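What follows is target.cif (mmCIF, C-alpha atoms).
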data_target
#
loop_
_atom_site.label_atom_id
_atom_site.label_comp_id
_atom_site.auth_asym_id
_atom_site.auth_seq_id
_atom_site.Cartn_x
_atom_site.Cartn_y
_atom_site.Cartn_z
CA MET A 2 77.08 -55.77 -59.93
CA ARG A 3 76.87 -52.96 -57.43
CA LYS A 4 74.36 -50.23 -58.34
CA TYR A 5 76.95 -47.50 -58.05
CA LEU A 6 78.66 -48.78 -61.18
CA LYS A 7 75.66 -47.61 -63.19
CA VAL A 8 76.62 -43.97 -62.67
CA ILE A 9 80.14 -44.31 -64.09
CA PRO A 10 79.10 -44.08 -67.77
CA LEU A 11 77.07 -40.98 -66.89
CA ALA A 12 80.03 -39.49 -65.06
CA ILE A 13 82.26 -40.04 -68.06
CA ALA A 14 79.70 -38.58 -70.45
CA LEU A 15 79.26 -35.46 -68.36
CA ALA A 16 82.92 -34.89 -67.71
CA CYS A 17 83.90 -35.48 -71.33
CA ALA A 18 81.76 -32.61 -72.57
CA GLY A 19 84.07 -30.18 -74.34
CA THR A 20 87.16 -32.32 -73.77
CA GLY A 21 89.02 -34.77 -75.93
CA ILE A 22 89.04 -38.55 -75.56
CA ALA A 23 92.80 -38.41 -75.53
CA GLN A 24 92.69 -36.40 -72.32
CA ALA A 25 90.30 -38.93 -70.78
CA ALA A 26 92.76 -41.67 -71.59
CA SER A 27 95.68 -39.85 -70.01
CA LEU A 28 96.66 -41.91 -66.98
CA ASP A 29 99.07 -39.20 -65.84
CA SER A 30 96.22 -36.67 -65.77
CA ILE A 31 93.89 -38.93 -63.83
CA LEU A 32 96.50 -39.92 -61.24
CA ASN A 33 97.89 -36.41 -60.77
CA GLY A 34 98.03 -35.46 -57.10
CA VAL A 35 96.67 -38.69 -55.60
CA GLN A 36 96.28 -38.38 -51.83
CA VAL A 37 95.48 -40.80 -49.01
CA ASP A 38 93.84 -39.70 -45.78
CA GLY A 39 91.20 -40.80 -43.33
CA LYS A 40 90.30 -41.23 -39.69
CA VAL A 41 89.92 -43.88 -37.00
CA ARG A 42 87.18 -43.55 -34.40
CA ALA A 43 86.29 -45.33 -31.17
CA TYR A 44 82.91 -44.40 -29.65
CA TYR A 45 81.11 -45.50 -26.50
CA PHE A 46 77.50 -44.32 -26.17
CA THR A 47 75.17 -44.67 -23.17
CA ARG A 48 71.51 -43.70 -22.74
CA GLN A 49 69.97 -43.59 -19.27
CA PHE A 50 66.23 -43.13 -18.71
CA THR A 51 64.37 -42.00 -15.58
CA PRO A 52 62.13 -43.61 -14.52
CA ASN A 53 62.14 -47.10 -16.01
CA ASN A 54 65.90 -47.48 -16.23
CA ASN A 55 65.46 -51.01 -17.60
CA ALA A 56 65.23 -49.18 -20.95
CA ASP A 57 68.88 -48.03 -20.64
CA VAL A 58 71.06 -48.88 -23.60
CA ASN A 59 74.72 -48.62 -24.56
CA ALA A 60 76.98 -49.45 -27.48
CA PHE A 61 80.63 -49.45 -28.51
CA SER A 62 82.14 -49.19 -31.96
CA LEU A 63 85.61 -49.03 -33.41
CA GLY A 64 85.77 -47.97 -37.03
CA GLY A 65 86.99 -45.52 -39.57
CA ILE A 66 87.43 -44.51 -43.16
CA VAL A 67 90.28 -44.42 -45.68
CA ASN A 68 90.08 -42.01 -48.62
CA LEU A 69 92.04 -42.37 -51.85
CA HIS A 70 91.46 -39.30 -54.00
CA THR A 71 93.09 -36.87 -56.37
CA ASP A 72 93.94 -33.27 -55.57
CA GLN A 73 90.56 -31.62 -55.13
CA ALA A 74 91.83 -28.29 -56.47
CA ALA A 75 93.47 -29.61 -59.64
CA ASP A 76 91.90 -29.09 -63.06
CA GLY A 77 91.19 -32.13 -65.19
CA TRP A 78 90.05 -35.62 -64.37
CA GLY A 79 89.90 -36.90 -60.81
CA PHE A 80 88.41 -39.65 -58.70
CA GLY A 81 87.67 -40.61 -55.14
CA VAL A 82 87.36 -43.95 -53.36
CA THR A 83 86.46 -44.36 -49.68
CA GLY A 84 86.44 -47.58 -47.70
CA MET A 85 84.50 -47.64 -44.43
CA THR A 86 84.17 -50.10 -41.57
CA ALA A 87 82.62 -50.28 -38.10
CA GLN A 88 83.23 -53.09 -35.59
CA SER A 89 81.63 -53.75 -32.20
CA LEU A 90 84.38 -56.23 -31.22
CA GLY A 91 81.69 -58.36 -29.62
CA LEU A 92 81.17 -55.85 -26.80
CA ASN A 93 77.53 -54.92 -27.49
CA SER A 94 74.46 -56.52 -25.98
CA ALA A 95 72.26 -58.38 -28.42
CA ILE A 96 69.19 -57.42 -26.37
CA GLN A 97 69.28 -53.62 -25.89
CA PRO A 98 72.07 -51.99 -27.88
CA ASP A 99 72.04 -48.32 -28.83
CA THR A 100 71.12 -49.01 -32.45
CA THR A 101 71.90 -45.46 -33.57
CA LEU A 102 75.61 -46.28 -33.38
CA MET A 103 75.76 -49.44 -35.52
CA GLY A 104 72.18 -50.48 -36.09
CA LYS A 105 71.73 -54.06 -34.84
CA GLN A 106 74.83 -55.29 -36.60
CA SER A 107 78.00 -56.49 -34.90
CA GLN A 108 80.08 -55.22 -37.81
CA TYR A 109 79.67 -53.78 -41.28
CA SER A 110 81.88 -52.47 -44.06
CA ALA A 111 81.07 -50.47 -47.16
CA LEU A 112 82.52 -48.68 -50.13
CA GLY A 113 81.14 -45.32 -49.10
CA GLN A 114 82.52 -43.24 -51.96
CA LEU A 115 83.34 -44.13 -55.55
CA TYR A 116 83.14 -41.15 -57.87
CA LEU A 117 84.63 -39.71 -61.03
CA GLN A 118 84.95 -35.97 -61.51
CA TYR A 119 86.12 -33.34 -63.94
CA ARG A 120 87.18 -29.83 -62.96
CA SER A 121 87.82 -26.89 -65.28
CA SER A 122 88.65 -23.22 -64.73
CA MET A 123 88.89 -22.27 -68.41
CA PHE A 124 86.04 -19.73 -68.28
CA VAL A 125 84.62 -19.99 -64.77
CA PRO A 126 85.45 -22.68 -62.20
CA VAL A 127 83.26 -25.73 -62.83
CA LEU A 128 83.19 -29.11 -61.09
CA VAL A 129 81.20 -32.13 -62.28
CA ARG A 130 81.20 -35.16 -59.98
CA ALA A 131 79.18 -38.36 -60.38
CA GLY A 132 79.01 -41.50 -58.31
CA ASP A 133 78.88 -42.36 -54.62
CA GLN A 134 79.89 -39.29 -52.63
CA GLU A 135 79.42 -37.39 -49.40
CA LEU A 136 77.32 -34.25 -49.77
CA SER A 137 77.48 -31.08 -47.72
CA THR A 138 74.20 -29.20 -48.03
CA PRO A 139 71.79 -27.95 -45.34
CA TRP A 140 69.26 -30.81 -45.60
CA MET A 141 71.40 -33.52 -47.28
CA SER A 142 74.76 -34.06 -45.61
CA GLY A 143 77.00 -36.67 -44.08
CA SER A 144 75.26 -36.37 -40.67
CA ASP A 145 78.68 -37.38 -39.37
CA SER A 146 78.06 -37.71 -35.64
CA ARG A 147 78.46 -41.48 -35.34
CA VAL A 148 81.14 -43.82 -36.68
CA LEU A 149 80.62 -43.38 -40.43
CA PRO A 150 79.03 -40.59 -42.48
CA ALA A 151 76.03 -40.99 -44.77
CA THR A 152 76.85 -40.91 -48.49
CA TYR A 153 74.75 -40.54 -51.62
CA GLN A 154 74.60 -41.79 -55.18
CA ALA A 155 74.39 -38.52 -57.04
CA VAL A 156 75.51 -36.24 -59.82
CA LEU A 157 76.78 -32.88 -58.56
CA VAL A 158 77.59 -29.79 -60.62
CA GLN A 159 79.24 -26.81 -58.93
CA VAL A 160 79.87 -23.48 -60.65
CA ASN A 161 81.61 -20.42 -59.21
CA PRO A 162 80.46 -17.60 -61.51
CA ILE A 163 82.01 -14.85 -59.34
CA ASP A 164 84.30 -14.72 -56.35
CA HIS A 165 82.74 -15.93 -53.08
CA LEU A 166 79.64 -17.39 -54.80
CA SER A 167 79.06 -21.12 -55.40
CA VAL A 168 76.04 -22.44 -57.29
CA TYR A 169 75.08 -26.12 -57.09
CA ALA A 170 72.81 -28.59 -58.86
CA ILE A 171 72.45 -32.11 -57.45
CA ARG A 172 70.44 -35.13 -58.54
CA GLU A 173 70.44 -37.84 -55.88
CA THR A 174 69.05 -41.30 -56.61
CA ALA A 175 69.97 -43.45 -53.57
CA TRP A 176 71.81 -43.19 -50.27
CA LYS A 177 73.79 -45.19 -47.75
CA SER A 178 72.82 -44.20 -44.22
CA ARG A 179 75.47 -43.95 -41.53
CA THR A 180 74.55 -47.45 -40.30
CA SER A 181 74.10 -49.16 -43.69
CA ASP A 182 76.52 -51.29 -45.65
CA ASN A 183 74.91 -50.57 -49.03
CA PHE A 184 72.90 -48.00 -51.00
CA TYR A 185 69.10 -48.00 -51.05
CA GLN A 186 66.34 -46.06 -52.81
CA ASP A 187 64.77 -44.99 -49.54
CA ASN A 188 65.33 -42.56 -46.64
CA LEU A 189 64.71 -42.25 -42.91
CA TYR A 190 60.93 -42.46 -43.33
CA TYR A 191 61.09 -46.09 -44.46
CA PRO A 192 60.87 -48.91 -41.89
CA SER A 193 63.90 -51.08 -41.25
CA THR A 194 62.10 -54.09 -42.65
CA TRP A 195 61.75 -52.37 -46.02
CA GLY A 196 65.37 -52.96 -46.96
CA GLY A 197 67.50 -50.36 -45.21
CA ASP A 198 69.31 -50.62 -41.88
CA GLN A 199 67.82 -51.28 -38.47
CA SER A 200 68.02 -47.65 -37.34
CA TYR A 201 65.28 -46.73 -39.80
CA GLY A 202 62.81 -48.10 -37.27
CA GLY A 203 63.67 -45.24 -34.90
CA GLN A 204 61.21 -42.95 -36.65
CA PRO A 205 57.89 -42.35 -34.87
CA TYR A 206 56.19 -42.86 -38.24
CA ALA A 207 57.12 -44.33 -41.58
CA VAL A 208 55.76 -45.07 -45.01
CA GLY A 209 54.02 -48.40 -45.25
CA ALA A 210 55.72 -51.62 -46.23
CA THR A 211 54.00 -51.46 -49.64
CA ALA A 212 55.19 -47.94 -50.48
CA ASN A 213 57.09 -47.37 -53.70
CA ARG A 214 60.80 -46.82 -53.74
CA ALA A 215 61.92 -43.25 -53.21
CA SER A 216 62.69 -41.49 -56.50
CA GLY A 217 65.48 -39.46 -54.97
CA THR A 218 66.03 -35.74 -54.73
CA LEU A 219 66.70 -32.73 -56.93
CA ALA A 220 68.57 -29.94 -55.14
CA ILE A 221 69.59 -26.52 -56.42
CA GLY A 222 71.40 -24.08 -54.19
CA ALA A 223 73.74 -21.13 -53.84
CA ASP A 224 76.20 -20.21 -51.09
CA TYR A 225 77.77 -16.77 -50.66
CA LYS A 226 80.43 -15.74 -48.15
CA ALA A 227 82.18 -12.34 -48.20
CA ASN A 228 82.28 -8.96 -46.43
CA GLY A 229 80.84 -10.34 -43.21
CA ILE A 230 77.91 -11.99 -45.03
CA ASN A 231 77.40 -15.75 -44.91
CA ALA A 232 74.26 -16.73 -46.81
CA ARG A 233 72.78 -19.74 -48.56
CA LEU A 234 69.57 -20.36 -50.47
CA TRP A 235 68.44 -23.88 -51.40
CA TYR A 236 65.57 -25.64 -53.10
CA TYR A 237 64.99 -29.39 -52.63
CA ASP A 238 62.42 -31.55 -54.30
CA PHE A 239 62.36 -34.68 -52.15
CA TYR A 240 60.33 -36.53 -54.74
CA GLY A 241 57.10 -37.85 -53.22
CA PHE A 242 57.80 -36.25 -49.83
CA ALA A 243 58.14 -32.46 -49.93
CA LYS A 244 59.18 -29.51 -52.05
CA THR A 245 61.41 -27.48 -49.77
CA TYR A 246 62.62 -23.88 -49.92
CA TYR A 247 65.27 -22.99 -47.35
CA GLY A 248 67.38 -19.91 -46.76
CA GLU A 249 69.61 -18.45 -44.11
CA ALA A 250 71.83 -15.40 -43.85
CA THR A 251 74.17 -14.15 -41.14
CA TYR A 252 75.92 -10.79 -41.00
CA THR A 253 79.00 -10.30 -38.79
CA TYR A 254 80.17 -6.77 -38.01
CA LYS A 255 83.95 -6.67 -37.91
CA THR A 256 84.99 -4.27 -35.13
CA GLY A 257 88.73 -4.90 -35.27
CA THR A 258 88.75 -5.58 -31.52
CA GLY A 259 88.20 -9.33 -31.62
CA TYR A 260 84.64 -8.88 -30.38
CA ASP A 261 82.44 -9.11 -33.47
CA PRO A 262 78.65 -9.15 -33.09
CA PHE A 263 76.48 -11.02 -35.59
CA ILE A 264 72.82 -11.48 -36.44
CA GLY A 265 71.19 -14.13 -38.61
CA ILE A 266 67.81 -15.18 -39.96
CA GLN A 267 66.61 -18.48 -41.40
CA GLY A 268 63.39 -19.72 -42.94
CA LEU A 269 61.81 -22.78 -44.54
CA LYS A 270 58.67 -23.44 -46.57
CA GLN A 271 57.45 -26.91 -47.60
CA SER A 272 54.53 -28.25 -49.59
CA GLN A 273 53.34 -31.56 -51.04
CA SER A 274 49.95 -32.99 -51.91
CA TYR A 275 49.19 -35.91 -49.60
CA ALA A 276 47.31 -37.71 -52.39
CA ASN A 277 50.42 -37.61 -54.59
CA SER A 278 52.93 -38.37 -51.84
CA LEU A 279 54.56 -41.55 -50.65
CA PHE A 280 53.13 -40.69 -47.25
CA GLY A 281 49.80 -41.76 -48.76
CA ALA A 282 50.97 -45.28 -47.89
CA SER A 283 51.96 -44.17 -44.39
CA ALA A 284 51.69 -46.81 -41.70
CA VAL A 285 51.32 -44.17 -38.97
CA ALA A 286 50.78 -40.46 -39.62
CA PRO A 287 52.97 -38.20 -37.44
CA ASN A 288 51.04 -36.85 -34.47
CA GLY A 289 47.99 -38.61 -35.90
CA VAL A 290 47.47 -35.98 -38.60
CA ALA A 291 47.39 -37.08 -42.26
CA GLY A 292 47.13 -34.24 -44.76
CA ASP A 293 49.03 -32.17 -47.30
CA VAL A 294 52.56 -31.22 -46.31
CA ASN A 295 52.53 -27.55 -45.30
CA SER A 296 55.46 -26.61 -43.09
CA GLN A 297 56.80 -23.15 -42.31
CA VAL A 298 59.79 -22.24 -40.13
CA GLN A 299 61.13 -18.85 -39.06
CA GLY A 300 64.30 -18.35 -37.06
CA VAL A 301 66.67 -15.71 -35.76
CA LYS A 302 70.11 -15.82 -34.13
CA VAL A 303 72.04 -13.08 -32.33
CA GLY A 304 75.51 -13.44 -30.90
CA VAL A 305 79.10 -12.32 -30.69
CA ASN A 306 82.44 -13.82 -31.69
CA ILE A 307 85.01 -13.28 -28.96
CA PRO A 308 88.73 -14.08 -28.79
CA HIS A 309 88.90 -17.88 -28.73
CA GLY A 310 85.14 -18.37 -28.62
CA GLN A 311 81.55 -17.51 -29.45
CA LEU A 312 78.25 -16.91 -27.67
CA PHE A 313 74.77 -16.80 -29.24
CA VAL A 314 71.06 -17.06 -28.53
CA ALA A 315 68.70 -18.44 -31.18
CA TYR A 316 64.94 -18.80 -31.69
CA ASP A 317 63.03 -21.00 -34.16
CA LYS A 318 59.32 -21.49 -34.73
CA VAL A 319 57.53 -24.26 -36.66
CA ASN A 320 53.98 -23.11 -37.45
CA TYR A 321 51.11 -25.29 -36.30
CA ASP A 322 48.53 -26.25 -38.96
CA ALA A 323 45.71 -28.52 -37.76
CA THR A 324 45.01 -29.84 -41.27
CA ALA A 325 48.61 -30.27 -42.48
CA PHE A 326 50.66 -33.46 -42.47
CA GLY A 327 51.84 -34.03 -38.89
CA GLY A 328 50.26 -30.74 -37.85
CA GLY A 329 52.88 -28.82 -39.84
CA ILE A 330 55.89 -30.99 -39.02
CA VAL A 331 59.07 -30.40 -41.04
CA VAL A 332 59.61 -33.22 -43.54
CA SER A 333 63.33 -34.04 -43.58
CA PRO A 334 64.07 -37.40 -45.25
CA PHE A 335 67.81 -37.41 -44.47
CA THR A 336 68.00 -35.83 -40.99
CA ALA A 337 64.78 -36.82 -39.18
CA ASN A 338 65.72 -38.47 -35.88
CA TYR A 339 69.40 -37.82 -36.68
CA ALA A 340 69.25 -34.28 -35.20
CA THR A 341 71.64 -33.04 -37.91
CA ASP A 342 69.34 -30.46 -39.55
CA PRO A 343 70.45 -26.81 -39.96
CA LEU A 344 67.92 -25.25 -37.56
CA TRP A 345 69.86 -23.21 -35.02
CA THR A 346 67.92 -24.55 -32.02
CA THR A 347 68.54 -28.24 -32.75
CA SER A 348 70.27 -30.01 -29.86
CA MET A 349 72.51 -33.09 -29.83
CA ILE A 350 69.52 -35.36 -29.15
CA ARG A 351 66.65 -33.71 -31.04
CA GLY A 352 65.06 -30.49 -32.23
CA LEU A 353 61.87 -29.16 -33.77
CA VAL A 354 62.22 -31.51 -36.76
CA GLU A 355 61.69 -34.39 -34.34
CA LEU A 356 59.26 -32.63 -31.96
CA GLY A 357 57.00 -30.94 -34.51
CA ALA A 358 55.07 -27.67 -34.40
CA GLY A 359 56.10 -25.23 -31.71
CA ASN A 360 58.96 -22.91 -30.84
CA ALA A 361 62.41 -23.26 -29.34
CA TRP A 362 65.05 -21.13 -27.65
CA LYS A 363 68.72 -22.04 -27.47
CA VAL A 364 71.76 -20.44 -25.83
CA LYS A 365 75.20 -21.78 -26.69
CA GLY A 366 78.77 -20.84 -25.84
CA THR A 367 82.13 -22.11 -27.15
CA TYR A 368 85.56 -21.31 -25.75
CA LYS A 369 89.10 -22.57 -26.53
CA LEU A 370 92.05 -22.69 -24.13
CA PHE A 371 95.72 -23.68 -24.14
CA ASP A 372 96.49 -22.60 -27.69
CA ASN A 373 93.21 -24.12 -28.91
CA GLN A 374 94.05 -27.58 -27.59
CA LEU A 375 91.08 -27.57 -25.20
CA ARG A 376 87.61 -26.76 -26.54
CA LEU A 377 84.66 -26.29 -24.21
CA MET A 378 81.02 -26.02 -25.29
CA ALA A 379 77.83 -25.63 -23.31
CA ALA A 380 74.24 -25.08 -24.39
CA TRP A 381 70.71 -24.91 -23.03
CA ALA A 382 67.55 -25.24 -25.13
CA ARG A 383 63.83 -25.08 -24.33
CA TYR A 384 61.16 -26.57 -26.59
CA ASN A 385 57.50 -25.55 -26.36
CA THR A 386 55.57 -27.80 -28.71
CA HIS A 387 51.96 -28.45 -29.63
CA PHE A 388 52.07 -32.27 -29.57
CA LYS A 389 55.03 -33.12 -27.31
CA GLY A 390 54.59 -30.54 -24.56
CA ASN A 391 57.47 -28.57 -23.05
CA SER A 392 60.99 -29.79 -22.38
CA THR A 393 64.57 -28.64 -21.89
CA ASN A 394 67.95 -29.91 -23.07
CA THR A 395 71.19 -29.11 -21.23
CA TYR A 396 74.42 -29.85 -23.10
CA GLY A 397 78.12 -30.06 -22.20
CA ASP A 398 81.04 -30.85 -24.52
CA ILE A 399 84.77 -31.07 -23.84
CA THR A 400 87.46 -31.94 -26.41
CA TRP A 401 91.23 -32.21 -26.09
CA PHE A 402 93.31 -31.96 -29.30
CA PHE A 403 96.81 -33.41 -29.03
CA ASN A 404 99.91 -31.81 -30.52
CA GLY A 405 103.40 -33.01 -31.32
CA ALA A 406 103.86 -36.70 -32.03
CA LEU A 407 100.14 -37.29 -31.30
CA LYS A 408 98.87 -34.54 -33.58
CA GLY A 409 95.62 -35.69 -35.20
CA LEU A 410 94.39 -37.45 -32.05
CA SER A 411 91.47 -36.00 -30.09
CA LEU A 412 89.43 -37.12 -27.08
CA ARG A 413 85.88 -35.87 -26.68
CA ASP A 414 83.03 -36.31 -24.21
CA ARG A 415 79.54 -35.02 -25.03
CA ILE A 416 76.66 -35.22 -22.59
CA GLU A 417 73.09 -33.98 -22.88
CA VAL A 418 70.31 -34.13 -20.31
CA CYS A 419 66.73 -33.95 -21.55
CA ASN A 420 63.89 -33.20 -19.13
CA GLY A 421 60.29 -33.47 -20.30
CA ALA A 422 58.82 -34.74 -23.56
CA LEU A 423 61.11 -37.10 -25.42
CA ALA A 424 61.09 -37.52 -29.19
CA ASN A 425 62.56 -41.02 -29.06
CA GLY A 426 62.04 -42.17 -25.49
CA GLY A 427 58.35 -41.72 -24.65
CA GLY A 428 57.27 -42.55 -21.11
CA HIS A 429 60.41 -41.17 -19.45
CA ASP A 430 60.72 -37.92 -17.53
CA LYS A 431 64.48 -37.69 -17.93
CA PHE A 432 66.95 -38.88 -20.55
CA VAL A 433 70.74 -38.63 -20.22
CA TYR A 434 72.84 -39.29 -23.32
CA ASN A 435 76.62 -39.55 -23.00
CA ARG A 436 79.00 -40.00 -25.94
CA VAL A 437 82.70 -40.67 -25.31
CA MET A 438 84.76 -40.46 -28.49
CA ALA A 439 88.38 -40.92 -29.51
CA GLU A 440 89.42 -39.98 -33.03
CA TYR A 441 92.67 -39.99 -34.97
CA ASP A 442 92.84 -38.10 -38.26
CA PHE A 443 95.65 -38.91 -40.67
#
Turn the structure described in the file into structure tokens.
Amino acid sequence: MRKYLKVIPLAIALACAGTGIAQAASLDSILNGVQVDGKVRAYYFTRQFTPNNNADVNAFSLGGIVNLHTDQAADGWGFGVTGMTAQSLGLNSAIQPDTTLMGKQSQYSALGQLYLQYRSSMFVPVLVRAGDQELSTPWMSGSDSRVLPATYQAVLVQVNPIDHLSVYAIRETAWKSRTSDNFYQDNLYYPSTWGGDQSYGGQPYAVGATANRASGTLAIGADYKANGINARLWYYDFYGFAKTYYGEATYTYKTGTGYDPFIGIQGLKQSQSYANSLFGASAVAPNGVAGDVNSQVQGVKVGVNIPHGQLFVAYDKVNYDATAFGGGIVVSPFTANYATDPLWTTSMIRGLVELGAGNAWKVKGTYKLFDNQLRLMAAWARYNTHFKGNSTNTYGDITWFFNGALKGLSLRDRIEVCNGALANGGGHDKFVYNRVMAEYDF
């Protein structure tokens, strides 16, 4: 029997607290406000390397998700079920495919979400959800930049004690990566041969083949958004990997003119004894440095919202520590090599989580035209790192959103050119990554 079924009794026990069994048995209550939605995606990815273009790769995938869920705002019992599939249609090379799109599989399907929840607003709004679900937190999220999002086996409790403030507690026990067809007690630091999908091998280092299973994650956080302030503070205990404190806050000054300046700060602190960590069974220590986890990040962002767009410049620094694990590298079990972390200088291809100790600058602009049907984005980032040297990333992004009978359909092309040190393409001076995407949301 699938492992996710084990969380259903726990979900029922949690949600039943303070409620009657009669309510639990009410089919009308459970099925109230059932909705069906989803998306279909077709992606074509290419990577071109200079020199040594015989390392070029490409991949195609057609896939999507279908969600069956109850009204997310309704009090009482609810559920969610999500089916997922990705298909190469036989168009991918078996020799050098871009494994980040579908791993090394020609097709895979999964039940990505299967959860039970209970919501109450009797005293303060409370949501309890247990089962397979997509999470949306700074360092554990869907990382939804491929065909399918990552999902997690977890229990989530959300409380809104006052307006504009949400407080969360999450206990995660396993996850399904965005290229897996099942849930595993591991993360991106485990090798592909350990039991996860083939993309796990993309990490420059991993725990050894004899390492214990990951014990999951405890996360506690709070988000606040009001009066021009957008702030969040989170604690993660990635058991056996790193205890992580993360915070960010942005203040936007509303001028009433449509031109609203903003400023933000972010910071991270991590620690973990190497002797008591799963990295103690590491096959290869990052940057050749094995020691206690001790990572610190400081960042700042300054910009302005303009009519139909935004412009900002950001700076992040990861402190170098010669005796720390990876020289002070950020330990991120669910975003490493995905480039989906919350640091403001992370690019489409990589960021300081992948490159390690050093600093980064990023400038990014977004602008919308034709009644928001056309969205243009451009960015430039420079990375100055202790182990990987200096490099730049130049990014362009164009998306067309259809209206009328084709509303829900979008076409997008993203391209990024990396010059210099490469996190996942060593030995190349230049790396061009192009992602052509078509998506239909229904």
With 10 Å as the cut-off and all atoms listed in the file counted, what is the closest atom pair between each nearby residue of region 67-118 of chain A and region 160-180 of chain A? Distances in Å to one decimal, ordered by chain and number, as CSV.
residue,atom,partner,partner_atom,distance
A:Ala87,CA,A:Thr180,CA,8.8
A:Thr100,CA,A:Thr180,CA,8.7
A:Thr101,CA,A:Thr180,CA,7.5
A:Leu102,CA,A:Thr180,CA,7.1
A:Met103,CA,A:Thr180,CA,5.3
A:Gly104,CA,A:Thr180,CA,5.7
A:Lys105,CA,A:Thr180,CA,9.0
A:Gln106,CA,A:Thr180,CA,8.7
A:Gln108,CA,A:Thr180,CA,9.9
A:Tyr109,CA,A:Thr180,CA,8.2
A:Ser110,CA,A:Thr180,CA,9.6
A:Ala111,CA,A:Lys177,CA,9.0
A:Leu112,CA,A:Lys177,CA,9.7
A:Gly113,CA,A:Lys177,CA,7.5
A:Gln114,CA,A:Lys177,CA,9.9
Can you write just those residues out, C-alpha atoms, as a compact mmCIF listing (two decimals), keeping the file's coordinate frame?
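After the write, part26.txt holds the following:
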# COMPACT_ATOMS: atom_id res chain seq x y z
CA ALA A 87 82.62 -50.28 -38.10
CA THR A 100 71.12 -49.01 -32.45
CA THR A 101 71.90 -45.46 -33.57
CA LEU A 102 75.61 -46.28 -33.38
CA MET A 103 75.76 -49.44 -35.52
CA GLY A 104 72.18 -50.48 -36.09
CA LYS A 105 71.73 -54.06 -34.84
CA GLN A 106 74.83 -55.29 -36.60
CA GLN A 108 80.08 -55.22 -37.81
CA TYR A 109 79.67 -53.78 -41.28
CA SER A 110 81.88 -52.47 -44.06
CA ALA A 111 81.07 -50.47 -47.16
CA LEU A 112 82.52 -48.68 -50.13
CA GLY A 113 81.14 -45.32 -49.10
CA GLN A 114 82.52 -43.24 -51.96
Where does the PyMOL selection byres ((chain A and resi 50-56) around 8) land in this file, that is, which residues does it pick, as a compact mmCIF listing (two decimals) with C-alpha atoms, keeping the file's coordinate frame?
# COMPACT_ATOMS: atom_id res chain seq x y z
CA ARG A 48 71.51 -43.70 -22.74
CA GLN A 49 69.97 -43.59 -19.27
CA ASP A 57 68.88 -48.03 -20.64
CA VAL A 58 71.06 -48.88 -23.60
CA GLN A 97 69.28 -53.62 -25.89
CA HIS A 429 60.41 -41.17 -19.45
CA ASP A 430 60.72 -37.92 -17.53
CA LYS A 431 64.48 -37.69 -17.93
CA PHE A 432 66.95 -38.88 -20.55
CA VAL A 433 70.74 -38.63 -20.22
Practice item. Can you work out which one of A:Thr386, A:Thr218, A:Asn228, A:Gln186 has the shortest atom-to-atom distance to Val156 (chain A), counting only C-alpha atoms? Key: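 Ranking A:Thr386, A:Thr218, A:Asn228, A:Gln186 by distance to Val156 (chain A), first place goes to A:Thr218.
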Practice item. Let me know the residues the PyMOL selection byres ((chain A and resi 307-323) around 6) catches in the file above, as a list in words. Key: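 Applying the PyMOL selection byres ((chain A and resi 307-323) around 6) to the structure shown produces Gly259, Tyr260, Gln297, Val298, Gln299, Gly300, Val301, Lys302, Val303, Gly304, Val305, Asn306, Thr324, Ala325, Gly328, Gly329, Ala358, Gly359, Asn360, Ala361, Trp362, Lys363, Val364, Lys365, Gly366, Thr367, Tyr368 and Lys369 of chain A.
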Check your understanding: Expanded to explicit residues, what is the PyMOL selection byres ((chain A and resi 339-356) around 6) for this file, as a ChimeraX atom specification?
Key -> /A:139,144,331,336-338,357,363,424
Exercise for review: List the neighbours of Gln134 (chain A) out to 9 Å using all atoms listed in the file; skip same-chain residues closer than 2 positions along the sequence, and give me the result as a ChimeraX atom specification.
Suggested key: /A:81-83,113-116,130-132,136,151-156
Point to revise | Closest of A:Tyr191, A:Tyr45, A:Phe242, A:Tyr237 to Tyr275 (chain A) - atom-to-atom distances counting only C-alpha atoms | key: A:Phe242
